[in-house]
$ cat my_file.txt   # compact mmCIF, C-alpha atoms and all ligand atoms
# COMPACT_ATOMS: atom_id res chain seq x y z
CA MET F 1 -95.81 22.97 -75.76
CA LEU F 2 -98.24 24.53 -78.25
CA LEU F 3 -100.50 21.53 -78.79
CA GLN F 4 -100.78 18.43 -76.67
CA VAL F 5 -103.27 15.86 -77.88
CA ASP F 6 -103.89 13.12 -75.32
CA GLY F 7 -105.80 9.91 -75.97
CA LEU F 8 -108.63 11.35 -78.07
CA CYS F 9 -111.40 8.87 -78.83
CA LYS F 10 -114.60 9.28 -80.81
CA THR F 11 -117.24 6.76 -81.76
CA TYR F 12 -120.07 7.59 -84.15
CA ARG F 13 -123.35 5.73 -83.71
CA LYS F 14 -125.80 5.70 -86.56
CA ARG F 15 -128.83 3.44 -86.22
CA SER F 16 -127.34 -0.02 -85.91
CA SER F 17 -123.77 0.81 -86.99
CA VAL F 18 -121.00 1.91 -84.66
CA VAL F 19 -117.81 3.46 -86.06
CA LEU F 20 -114.76 3.93 -83.88
CA ALA F 21 -113.49 6.92 -85.87
CA VAL F 22 -110.67 7.99 -83.54
CA ASP F 23 -109.01 5.55 -81.19
CA HIS F 24 -106.69 6.96 -78.49
CA VAL F 25 -104.94 9.47 -80.70
CA SER F 26 -102.05 11.35 -79.10
CA PHE F 27 -99.43 13.69 -80.53
CA GLN F 28 -97.67 16.95 -79.80
CA LEU F 29 -96.66 20.04 -81.67
CA GLU F 30 -94.31 22.91 -80.79
CA GLY F 31 -94.85 26.46 -82.03
CA GLY F 32 -93.01 27.23 -85.28
CA GLN F 33 -93.62 23.73 -86.61
CA ILE F 34 -95.92 22.12 -89.16
CA LEU F 35 -97.35 18.68 -88.50
CA GLY F 36 -98.41 16.78 -91.61
CA PHE F 37 -101.41 14.77 -90.39
CA LEU F 38 -101.89 12.08 -93.01
CA GLY F 39 -104.13 9.12 -93.55
CA PRO F 40 -106.31 7.43 -96.14
CA ASN F 41 -109.98 8.38 -96.62
CA GLY F 42 -112.01 7.71 -93.51
CA ALA F 43 -108.94 7.26 -91.30
CA GLY F 44 -110.11 9.80 -88.72
CA LYS F 45 -108.23 12.99 -89.65
CA SER F 46 -111.21 15.36 -89.84
CA THR F 47 -112.75 13.94 -86.68
CA THR F 48 -109.48 14.50 -84.80
CA ILE F 49 -109.08 18.03 -86.17
CA LYS F 50 -112.70 18.88 -85.29
CA MET F 51 -112.10 17.74 -81.71
CA ILE F 52 -108.98 19.94 -81.47
CA ALA F 53 -111.01 22.84 -82.92
CA GLY F 54 -113.70 22.27 -80.28
CA LEU F 55 -116.39 21.53 -82.89
CA ILE F 56 -117.14 18.06 -81.58
CA SER F 57 -116.55 16.63 -78.12
CA PRO F 58 -114.32 13.62 -77.64
CA ASP F 59 -115.72 10.56 -75.85
CA GLU F 60 -112.36 10.29 -74.09
CA GLY F 61 -109.14 12.26 -73.99
CA ASP F 62 -108.38 15.95 -74.26
CA SER F 63 -106.31 18.42 -76.23
CA LYS F 64 -104.43 21.29 -74.65
CA VAL F 65 -103.44 24.43 -76.48
CA LEU F 66 -100.69 26.38 -74.74
CA GLY F 67 -101.54 24.39 -71.64
CA GLU F 68 -105.28 25.23 -71.71
CA SER F 69 -107.57 22.22 -71.77
CA THR F 70 -110.20 22.24 -74.53
CA LYS F 71 -112.41 20.18 -72.24
CA ARG F 72 -112.17 22.28 -69.10
CA HIS F 73 -111.43 25.78 -70.45
CA ARG F 74 -112.90 25.62 -73.92
CA GLN F 75 -113.04 29.38 -74.57
CA ARG F 76 -109.50 29.99 -73.35
CA ALA F 77 -108.06 27.08 -75.32
CA LEU F 78 -109.90 27.94 -78.53
CA ARG F 79 -108.81 31.58 -78.40
CA HIS F 80 -105.43 30.28 -79.59
CA VAL F 81 -106.85 28.24 -82.46
CA GLY F 82 -107.77 29.16 -86.04
CA ALA F 83 -109.17 26.58 -88.44
CA VAL F 84 -109.94 26.20 -92.12
CA LEU F 85 -111.88 22.99 -92.12
CA GLU F 86 -114.15 23.10 -95.09
CA GLY F 87 -112.36 25.28 -97.57
CA SER F 88 -114.10 28.48 -98.44
CA ARG F 89 -117.43 27.35 -97.03
CA ASN F 90 -116.82 29.43 -93.90
CA LEU F 91 -117.20 32.56 -96.05
CA TYR F 92 -120.19 34.72 -96.92
CA TRP F 93 -120.26 34.87 -100.68
CA ARG F 94 -122.08 38.16 -100.99
CA LEU F 95 -119.65 39.99 -98.72
CA SER F 96 -116.25 41.34 -99.69
CA PRO F 97 -113.07 39.70 -98.35
CA LEU F 98 -112.61 42.50 -95.80
CA GLU F 99 -116.25 42.31 -94.67
CA ASN F 100 -115.84 38.57 -94.19
CA LEU F 101 -112.75 39.15 -92.07
CA GLN F 102 -114.58 41.77 -90.01
CA TYR F 103 -117.44 39.35 -89.46
CA TRP F 104 -115.07 36.66 -88.18
CA ALA F 105 -113.17 39.20 -86.13
CA GLY F 106 -116.45 40.15 -84.43
CA LEU F 107 -117.16 36.51 -83.58
CA ARG F 108 -113.64 36.14 -82.22
CA GLY F 109 -113.86 39.23 -80.02
CA VAL F 110 -111.43 41.37 -82.04
CA GLY F 111 -112.23 45.13 -81.81
CA LYS F 112 -113.50 46.89 -84.93
CA ARG F 113 -110.42 49.03 -85.51
CA ASP F 114 -108.05 46.11 -85.07
CA ALA F 115 -110.22 44.02 -87.36
CA VAL F 116 -109.87 46.53 -90.20
CA LEU F 117 -106.15 46.99 -89.61
CA LEU F 118 -105.36 43.29 -89.28
CA GLY F 119 -107.74 42.43 -92.09
CA ARG F 120 -106.00 44.79 -94.51
CA GLN F 121 -102.58 43.47 -93.47
CA LEU F 122 -103.66 39.88 -94.03
CA LEU F 123 -105.27 40.60 -97.40
CA GLU F 124 -102.08 42.37 -98.44
CA ARG F 125 -99.92 39.45 -97.38
CA PHE F 126 -102.15 37.09 -99.34
CA GLU F 127 -102.01 39.44 -102.36
CA LEU F 128 -105.71 40.19 -102.26
CA SER F 129 -105.55 43.96 -101.67
CA ASP F 130 -106.86 44.72 -105.14
CA LYS F 131 -109.85 42.44 -104.54
CA MET F 132 -110.96 44.37 -101.47
CA ASN F 133 -114.16 45.61 -103.15
CA HIS F 134 -115.16 42.42 -104.91
CA THR F 135 -117.59 39.99 -103.35
CA VAL F 136 -116.17 36.60 -102.45
CA GLN F 137 -118.29 34.91 -105.10
CA GLN F 138 -116.48 36.94 -107.77
CA LEU F 139 -113.10 35.56 -106.71
CA SER F 140 -111.33 32.51 -108.09
CA ARG F 141 -111.27 29.34 -106.00
CA GLY F 142 -107.63 29.96 -105.05
CA MET F 143 -108.45 33.48 -103.89
CA GLN F 144 -111.46 32.25 -101.91
CA GLN F 145 -109.21 29.75 -100.18
CA LYS F 146 -106.78 32.53 -99.32
CA VAL F 147 -109.64 34.59 -97.83
CA ALA F 148 -110.71 31.54 -95.79
CA ILE F 149 -107.19 31.26 -94.38
CA CYS F 150 -107.14 35.01 -93.62
CA ALA F 151 -110.45 34.58 -91.75
CA ALA F 152 -108.89 31.83 -89.64
CA LEU F 153 -105.95 34.13 -88.83
CA ILE F 154 -107.90 37.30 -87.98
CA HIS F 155 -107.68 36.80 -84.21
CA GLN F 156 -103.95 36.03 -84.46
CA PRO F 157 -104.10 32.42 -83.31
CA ASP F 158 -101.02 30.47 -82.23
CA LEU F 159 -102.28 27.25 -83.79
CA LEU F 160 -103.70 26.96 -87.30
CA LEU F 161 -105.63 23.85 -88.38
CA LEU F 162 -105.65 23.43 -92.14
CA ASP F 163 -107.71 20.70 -93.76
CA GLU F 164 -106.69 20.19 -97.42
CA PRO F 165 -105.68 23.83 -97.96
CA THR F 166 -104.48 23.38 -101.55
CA LEU F 167 -106.95 20.80 -102.85
CA GLY F 168 -108.25 21.62 -106.32
CA LEU F 169 -106.06 24.70 -106.74
CA ASP F 170 -103.79 25.33 -109.71
CA LEU F 171 -100.05 25.08 -109.20
CA ASP F 172 -99.44 28.80 -108.77
CA SER F 173 -102.19 29.25 -106.17
CA SER F 174 -101.07 26.10 -104.37
CA ASP F 175 -97.43 27.23 -104.34
CA ARG F 176 -98.34 30.69 -103.07
CA ILE F 177 -100.48 29.32 -100.24
CA GLN F 178 -97.66 26.97 -99.25
CA GLU F 179 -95.16 29.86 -99.25
CA ILE F 180 -97.38 32.03 -97.08
CA VAL F 181 -98.03 29.21 -94.60
CA LEU F 182 -94.27 28.66 -94.33
CA GLU F 183 -93.70 32.41 -93.82
CA LEU F 184 -96.29 32.54 -91.04
CA VAL F 185 -94.68 29.60 -89.30
CA ARG F 186 -91.09 30.79 -89.67
CA GLU F 187 -91.72 34.49 -88.99
CA GLN F 188 -94.49 34.42 -86.43
CA GLY F 189 -93.85 31.06 -84.83
CA ILE F 190 -97.38 29.75 -85.23
CA GLY F 191 -97.87 25.99 -85.36
CA VAL F 192 -99.87 24.29 -88.10
CA VAL F 193 -101.65 20.96 -88.24
CA LEU F 194 -102.02 20.22 -91.93
CA THR F 195 -104.13 17.41 -93.33
CA THR F 196 -103.70 16.60 -96.98
CA HIS F 197 -103.74 13.73 -99.44
CA GLN F 198 -101.13 15.57 -101.51
CA MET F 199 -97.92 13.90 -100.37
CA ASP F 200 -95.69 16.40 -102.19
CA VAL F 201 -97.35 19.25 -100.28
CA ALA F 202 -96.99 17.40 -96.97
CA GLU F 203 -93.36 16.61 -97.71
CA ALA F 204 -92.54 20.19 -98.69
CA LEU F 205 -94.17 21.78 -95.63
CA SER F 206 -94.03 19.40 -92.69
CA ASP F 207 -91.50 19.35 -89.88
CA ARG F 208 -93.26 16.42 -88.26
CA ILE F 209 -95.42 13.64 -89.65
CA ALA F 210 -98.25 11.68 -88.07
CA ILE F 211 -99.98 8.93 -90.03
CA ILE F 212 -103.42 7.77 -88.90
CA GLN F 213 -105.10 4.59 -90.09
CA ASN F 214 -108.39 3.14 -88.85
CA GLY F 215 -108.47 5.81 -86.14
CA ARG F 216 -105.04 4.96 -84.72
CA ILE F 217 -101.70 6.70 -85.10
CA VAL F 218 -99.38 4.24 -86.87
CA LEU F 219 -96.37 6.55 -87.23
CA GLU F 220 -95.30 9.81 -85.64
CA GLY F 221 -91.98 11.60 -85.78
CA GLU F 222 -89.73 14.26 -87.27
CA LYS F 223 -90.06 14.20 -91.06
CA ARG F 224 -86.28 13.97 -91.54
CA GLU F 225 -86.00 11.03 -89.16
CA VAL F 226 -88.95 9.27 -90.75
CA LEU F 227 -87.45 9.60 -94.24
CA ASP F 228 -83.90 8.76 -93.11
CA ARG F 229 -85.04 5.67 -91.25
CA PHE F 230 -86.77 4.49 -94.37
CA GLU F 231 -83.92 5.38 -96.70
CA GLY F 232 -81.63 2.80 -95.16
CA ASN F 233 -83.90 -0.02 -96.18
CA VAL F 234 -84.20 -0.21 -99.92
CA TYR F 235 -81.43 -0.49 -102.53
CA VAL F 236 -81.61 -0.26 -106.28
CA ILE F 237 -79.26 -2.75 -107.95
CA GLU F 238 -78.41 -2.64 -111.63
CA LEU F 239 -76.44 -5.34 -113.45
CA ALA F 240 -74.42 -5.29 -116.67
CA GLU F 241 -76.55 -8.19 -117.89
CA ARG F 242 -79.94 -9.76 -117.25
CA VAL F 243 -80.59 -11.11 -113.77
CA PRO F 244 -80.01 -14.89 -114.08
CA LYS F 245 -83.39 -16.62 -114.34
CA GLU F 246 -82.59 -19.17 -111.63
CA LEU F 247 -81.91 -16.39 -109.12
CA ARG F 248 -85.14 -14.50 -109.61
CA PRO F 249 -87.38 -16.60 -107.31
CA GLU F 250 -84.82 -16.39 -104.51
CA LEU F 251 -84.49 -12.61 -104.90
CA GLU F 252 -88.27 -12.25 -105.05
CA ARG F 253 -88.59 -14.15 -101.79
CA ALA F 254 -86.18 -11.60 -100.30
CA GLY F 255 -88.56 -8.83 -101.40
CA ALA F 256 -86.95 -7.86 -104.73
CA VAL F 257 -89.11 -5.94 -107.18
CA PHE F 258 -87.87 -6.14 -110.76
CA GLU F 259 -87.93 -2.87 -112.67
CA GLY F 260 -86.34 -4.29 -115.83
CA PRO F 261 -84.42 -7.42 -116.92
CA ASP F 262 -81.20 -6.06 -115.39
CA ARG F 263 -82.51 -3.91 -112.54
CA PHE F 264 -84.35 -4.50 -109.24
CA ARG F 265 -85.14 -2.87 -105.90
CA ILE F 266 -84.60 -4.88 -102.75
CA PRO F 267 -85.06 -4.16 -99.02
CA VAL F 268 -82.07 -5.09 -96.87
CA ASP F 269 -81.73 -4.83 -93.10
CA SER F 270 -77.92 -4.63 -92.85
CA SER F 271 -74.76 -4.27 -94.91
CA GLU F 272 -74.26 -8.00 -94.35
CA ASP F 273 -77.58 -8.67 -96.16
CA LEU F 274 -76.54 -6.40 -99.00
CA TYR F 275 -73.19 -8.20 -99.29
CA GLN F 276 -75.01 -11.53 -99.50
CA VAL F 277 -77.30 -10.32 -102.27
CA VAL F 278 -74.33 -9.04 -104.28
CA SER F 279 -72.36 -12.29 -103.78
CA ARG F 280 -75.35 -14.33 -104.98
CA LEU F 281 -75.33 -12.33 -108.21
CA LYS F 282 -71.73 -13.30 -109.06
CA PRO F 283 -70.35 -13.63 -111.70
CA VAL F 284 -72.72 -11.10 -113.30
CA PRO F 285 -71.08 -7.66 -112.94
CA VAL F 286 -73.00 -5.12 -110.85
CA VAL F 287 -72.92 -1.65 -112.42
CA ARG F 288 -74.85 0.31 -109.80
CA ILE F 289 -75.87 -0.07 -106.17
CA GLU F 290 -77.75 2.88 -104.80
CA ARG F 291 -79.75 3.54 -101.72
CA GLU F 292 -83.25 4.51 -102.69
CA GLN F 293 -84.29 8.03 -101.80
CA ALA F 294 -87.47 7.53 -99.82
CA ASP F 295 -90.20 10.06 -100.27
CA LEU F 296 -93.21 10.59 -98.09
CA ALA F 297 -95.50 8.85 -100.57
CA THR F 298 -93.43 5.65 -100.20
CA VAL F 299 -93.44 5.88 -96.40
CA PHE F 300 -97.18 6.57 -96.40
CA ARG F 301 -97.91 3.58 -98.64
CA HIS F 302 -95.71 1.34 -96.51
CA TYR F 303 -97.37 2.24 -93.21
CA THR F 304 -100.95 2.33 -94.43
CA HIS F 305 -100.65 -0.96 -96.35
CA LYS F 306 -98.89 -2.69 -93.50
CA GLU F 307 -101.59 -1.60 -91.11
CA ALA F 308 -104.36 -2.64 -93.49
CA GLU F 309 -102.78 -6.10 -93.82
CA GLN F 310 -102.46 -6.45 -90.05
CA GLY F 311 -106.03 -5.28 -89.61
CA SER F 312 -107.33 -7.92 -91.99
CA VAL F 313 -105.65 -10.86 -90.22
N1 LIG N 1 -120.91 12.54 -88.60
C1 LIG N 1 -120.57 11.26 -88.77
N2 LIG N 1 -121.44 10.26 -88.51
C2 LIG N 1 -121.09 8.98 -88.66
N3 LIG N 1 -119.88 8.55 -89.05
C3 LIG N 1 -118.96 9.50 -89.32
C4 LIG N 1 -119.25 10.90 -89.20
N4 LIG N 1 -118.13 11.59 -89.53
C5 LIG N 1 -117.20 10.68 -89.85
N5 LIG N 1 -117.68 9.43 -89.72
C6 LIG N 1 -116.94 8.17 -89.95
O1 LIG N 1 -115.79 8.21 -89.12
C7 LIG N 1 -114.65 7.68 -89.81
C8 LIG N 1 -113.55 8.75 -89.85
O2 LIG N 1 -113.99 9.81 -90.69
P1 LIG N 1 -113.15 11.15 -90.90
O3 LIG N 1 -114.00 12.08 -91.71
O4 LIG N 1 -112.65 11.63 -89.60
O5 LIG N 1 -111.93 10.61 -91.78
P2 LIG N 1 -110.88 11.41 -92.65
O6 LIG N 1 -109.56 10.79 -92.36
O7 LIG N 1 -111.00 12.87 -92.42
O8 LIG N 1 -111.32 11.05 -94.13
P3 LIG N 1 -111.18 11.87 -95.51
O9 LIG N 1 -109.75 11.83 -95.90
O10 LIG N 1 -112.03 11.04 -96.45
O11 LIG N 1 -111.73 13.24 -95.28
C9 LIG N 1 -115.17 7.24 -91.17
O12 LIG N 1 -115.46 5.87 -91.09
C10 LIG N 1 -116.41 8.05 -91.37
O13 LIG N 1 -117.32 7.38 -92.20

$ encode --input "my_file.txt" --output "structure tokens" --more "lines below"
Ligand SMILES: Nc1ncnc2c1ncn2[C@@H]1O[C@H](COP(=O)(O)OP(=O)(O)OP(=O)(O)O)[C@@H](O)[C@H]1O
Amino acid sequence: MLLQVDGLCKTYRKRSSVVLAVDHVSFQLEGGQILGFLGPNGAGKSTTIKMIAGLISPDEGDSKVLGESTKRHRQRALRHVGAVLEGSRNLYWRLSPLENLQYWAGLRGVGKRDAVLLGRQLLERFELSDKMNHTVQQLSRGMQQKVAICAALIHQPDLLLLDEPTLGLDLDSSDRIQEIVLELVREQGIGVVLTTHQMDVAEALSDRIAIIQNGRIVLEGEKREVLDRFEGNVYVIELAERVPKELRPELERAGAVFEGPDRFRIPVDSSEDLYQVVSRLKPVPVVRIEREQADLATVFRHYTHKEAEQGSV
């Protein structure tokens, strides 16, 4: 197992207020996989990632990277980890991309010759070779982000932690970063924990999904399974005529959402339920019944809203 996160907890205390930021968070990740680690603002993503990166200590729990405990063998565990936590802020603006990579290589115990060799290879892969002699401050935001990712990869980690890697980038830069991350994962078998609020990015890249809300994991699983499980639930039903007025309250009680006078979405638990809905609509002819294609944004909304409602009871 590449990453094993076990019962991480973290409470922040500030004057009189106490925030339980991370509450017994556990998940796993194999090499060659990307985990989309999702959650609303303040849910506990960054705190969890910082604990895995060894930047803050958990109150409870541990994370193991390739079997090495971050608590007991910090150096050994963190040798396998690269992180881009605050965008390009881990870069020196007056240095060139290669000088930045050499600096990080030095901190990570990579020899000088390897640092230059690996640095050049990485900059080439990220299409930055022609920017070798510029300073970082002369680069575009997308390029700076690429350099930050190169810096996190300079010691050839097995696990890459990426916090909002494509935030604020234009489509081309965002697409290119996504492609390169996928290449690294597929070709070199590294594992990635990716936090993002961009659901399309998470859906495109992730093999697994974990959703955190109020410091607790509310959903974890294979992306395909998560989407499939959800897909079974909601149907779009379209009629040849308006939905009869007298039926609307009943359908609404069953969870129907009307998208037009002759069209609604409704969650059903079984084919029996679906049959009942259709029979209630008779004699109005049904022209379309289709299972809704769930996307990650829908799943995310469902789990985070549900949890918020439960939390407020
Ligand atoms: N250094 C700190 N001191 C006090 N409270 C903190 C600190 N860092 C985070 N918190 C609190 O801990 C909770 C979790 O924050 P965290 O930054 O981990 O969430 P997040 O999911 O990364 O949010 P975002 O998506 O907004 O970046 C929040 O309530 C936040 O206010």

$ residues_near_ligand --input "my_file.txt" --ligand "ligand LIG 1 (chain N)" --cutoff "8 Å" --atoms "only C-alpha atoms and all ligand atoms" --output "PDB file with C-alpha atoms, in the frame of the given file"
ATOM      1  CA  THR F  11    -117.240   6.760 -81.760  1.00  0.00           C
ATOM      2  CA  TYR F  12    -120.070   7.590 -84.150  1.00  0.00           C
ATOM      3  CA  ARG F  13    -123.350   5.730 -83.710  1.00  0.00           C
ATOM      4  CA  LYS F  14    -125.800   5.700 -86.560  1.00  0.00           C
ATOM      5  CA  VAL F  19    -117.810   3.460 -86.060  1.00  0.00           C
ATOM      6  CA  LEU F  20    -114.760   3.930 -83.880  1.00  0.00           C
ATOM      7  CA  ALA F  21    -113.490   6.920 -85.870  1.00  0.00           C
ATOM      8  CA  VAL F  22    -110.670   7.990 -83.540  1.00  0.00           C
ATOM      9  CA  LEU F  38    -101.890  12.080 -93.010  1.00  0.00           C
ATOM     10  CA  GLY F  39    -104.130   9.120 -93.550  1.00  0.00           C
ATOM     11  CA  PRO F  40    -106.310   7.430 -96.140  1.00  0.00           C
ATOM     12  CA  ASN F  41    -109.980   8.380 -96.620  1.00  0.00           C
ATOM     13  CA  GLY F  42    -112.010   7.710 -93.510  1.00  0.00           C
ATOM     14  CA  ALA F  43    -108.940   7.260 -91.300  1.00  0.00           C
ATOM     15  CA  GLY F  44    -110.110   9.800 -88.720  1.00  0.00           C
ATOM     16  CA  LYS F  45    -108.230  12.990 -89.650  1.00  0.00           C
ATOM     17  CA  SER F  46    -111.210  15.360 -89.840  1.00  0.00           C
ATOM     18  CA  THR F  47    -112.750  13.940 -86.680  1.00  0.00           C
ATOM     19  CA  THR F  48    -109.480  14.500 -84.800  1.00  0.00           C
ATOM     20  CA  THR F 196    -103.700  16.600 -96.980  1.00  0.00           C
ATOM     21  CA  HIS F 197    -103.740  13.730 -99.440  1.00  0.00           C
ATOM     22  CA  ILE F 212    -103.420   7.770 -88.900  1.00  0.00           C
ATOM     23  CA  GLN F 213    -105.100   4.590 -90.090  1.00  0.00           C
ATOM     24  CA  ASN F 214    -108.390   3.140 -88.850  1.00  0.00           C
ATOM     25  CA  GLY F 215    -108.470   5.810 -86.140  1.00  0.00           C
TER      26      GLY F 215
END

$ atom_distance --input "my_file.txt" --atom1 "CA of Gln198 in chain F" --atom2 "CA of Ala297 in chain F"
8.8 Å

$ closest_atom_pairs --input "my_file.txt" --of "range 153-253 of chain F" --to "range 267-271 of chain F" --cutoff "7 Å" --atoms "all atoms listed in the file" --output "tab-separated table"
residue	atom	partner	partner_atom	distance
F:Asn233	CA	F:Pro267	CA	5.2
F:Val234	CA	F:Pro267	CA	4.1
F:Tyr235	CA	F:Pro267	CA	6.2

$ closest_residue --input "my_file.txt" --among "F:Gly191, F:Pro283, F:Pro244, F:Gly221" --to "Leu2 in chain F" --atoms "only C-alpha atoms"
F:Gly191

$ atom_distance --input "my_file.txt" --atom1 "CA of Tyr303 in chain F" --atom2 "CA of Phe230 in chain F"
10.9 Å

$ closest_residue --input "my_file.txt" --among "F:Pro157, F:Pro97, F:Gly111, F:Gly106" --to "Gln145 in chain F" --atoms "all atoms listed in the file"
F:Pro97

$ closest_residue --input "my_file.txt" --among "F:Leu66, F:Ala105, F:Leu122, F:Met199" --to "Thr298 in chain F" --atoms "only C-alpha atoms"
F:Met199

$ closest_residue --input "my_file.txt" --among "F:Gln144, F:His302, F:Leu169, F:Leu128" --to "Trp93 in chain F" --atoms "only C-alpha atoms"
F:Gln144

$ atom_distance --input "my_file.txt" --atom1 "CA of Phe126 in chain F" --atom2 "CA of Gly109 in chain F"
22.7 Å

$ axis_aligned_box --input "my_file.txt" --around "range 278-281 of chain F" --padding-each-side "6 Å" --output "AutoDock Vina command-line options"
--center_x -73.9 --center_y -11.7 --center_z -106.0 --size_x 15.0 --size_y 17.3 --size_z 16.4

$ closest_residue --input "my_file.txt" --among "F:Gln156, F:Thr304, F:Gln102, F:Ser96" --to "Asn133 in chain F" --atoms "all atoms listed in the file"
F:Ser96

$ residues_around --input "my_file.txt" --residues "Glu60 in chain F" --least-positions-apart "4" --cutoff "12 Å" --atoms "all atoms listed in the file" --output "PyMOL selection string"
chain F and resi 5-11+20+22-26+48+51+56+71
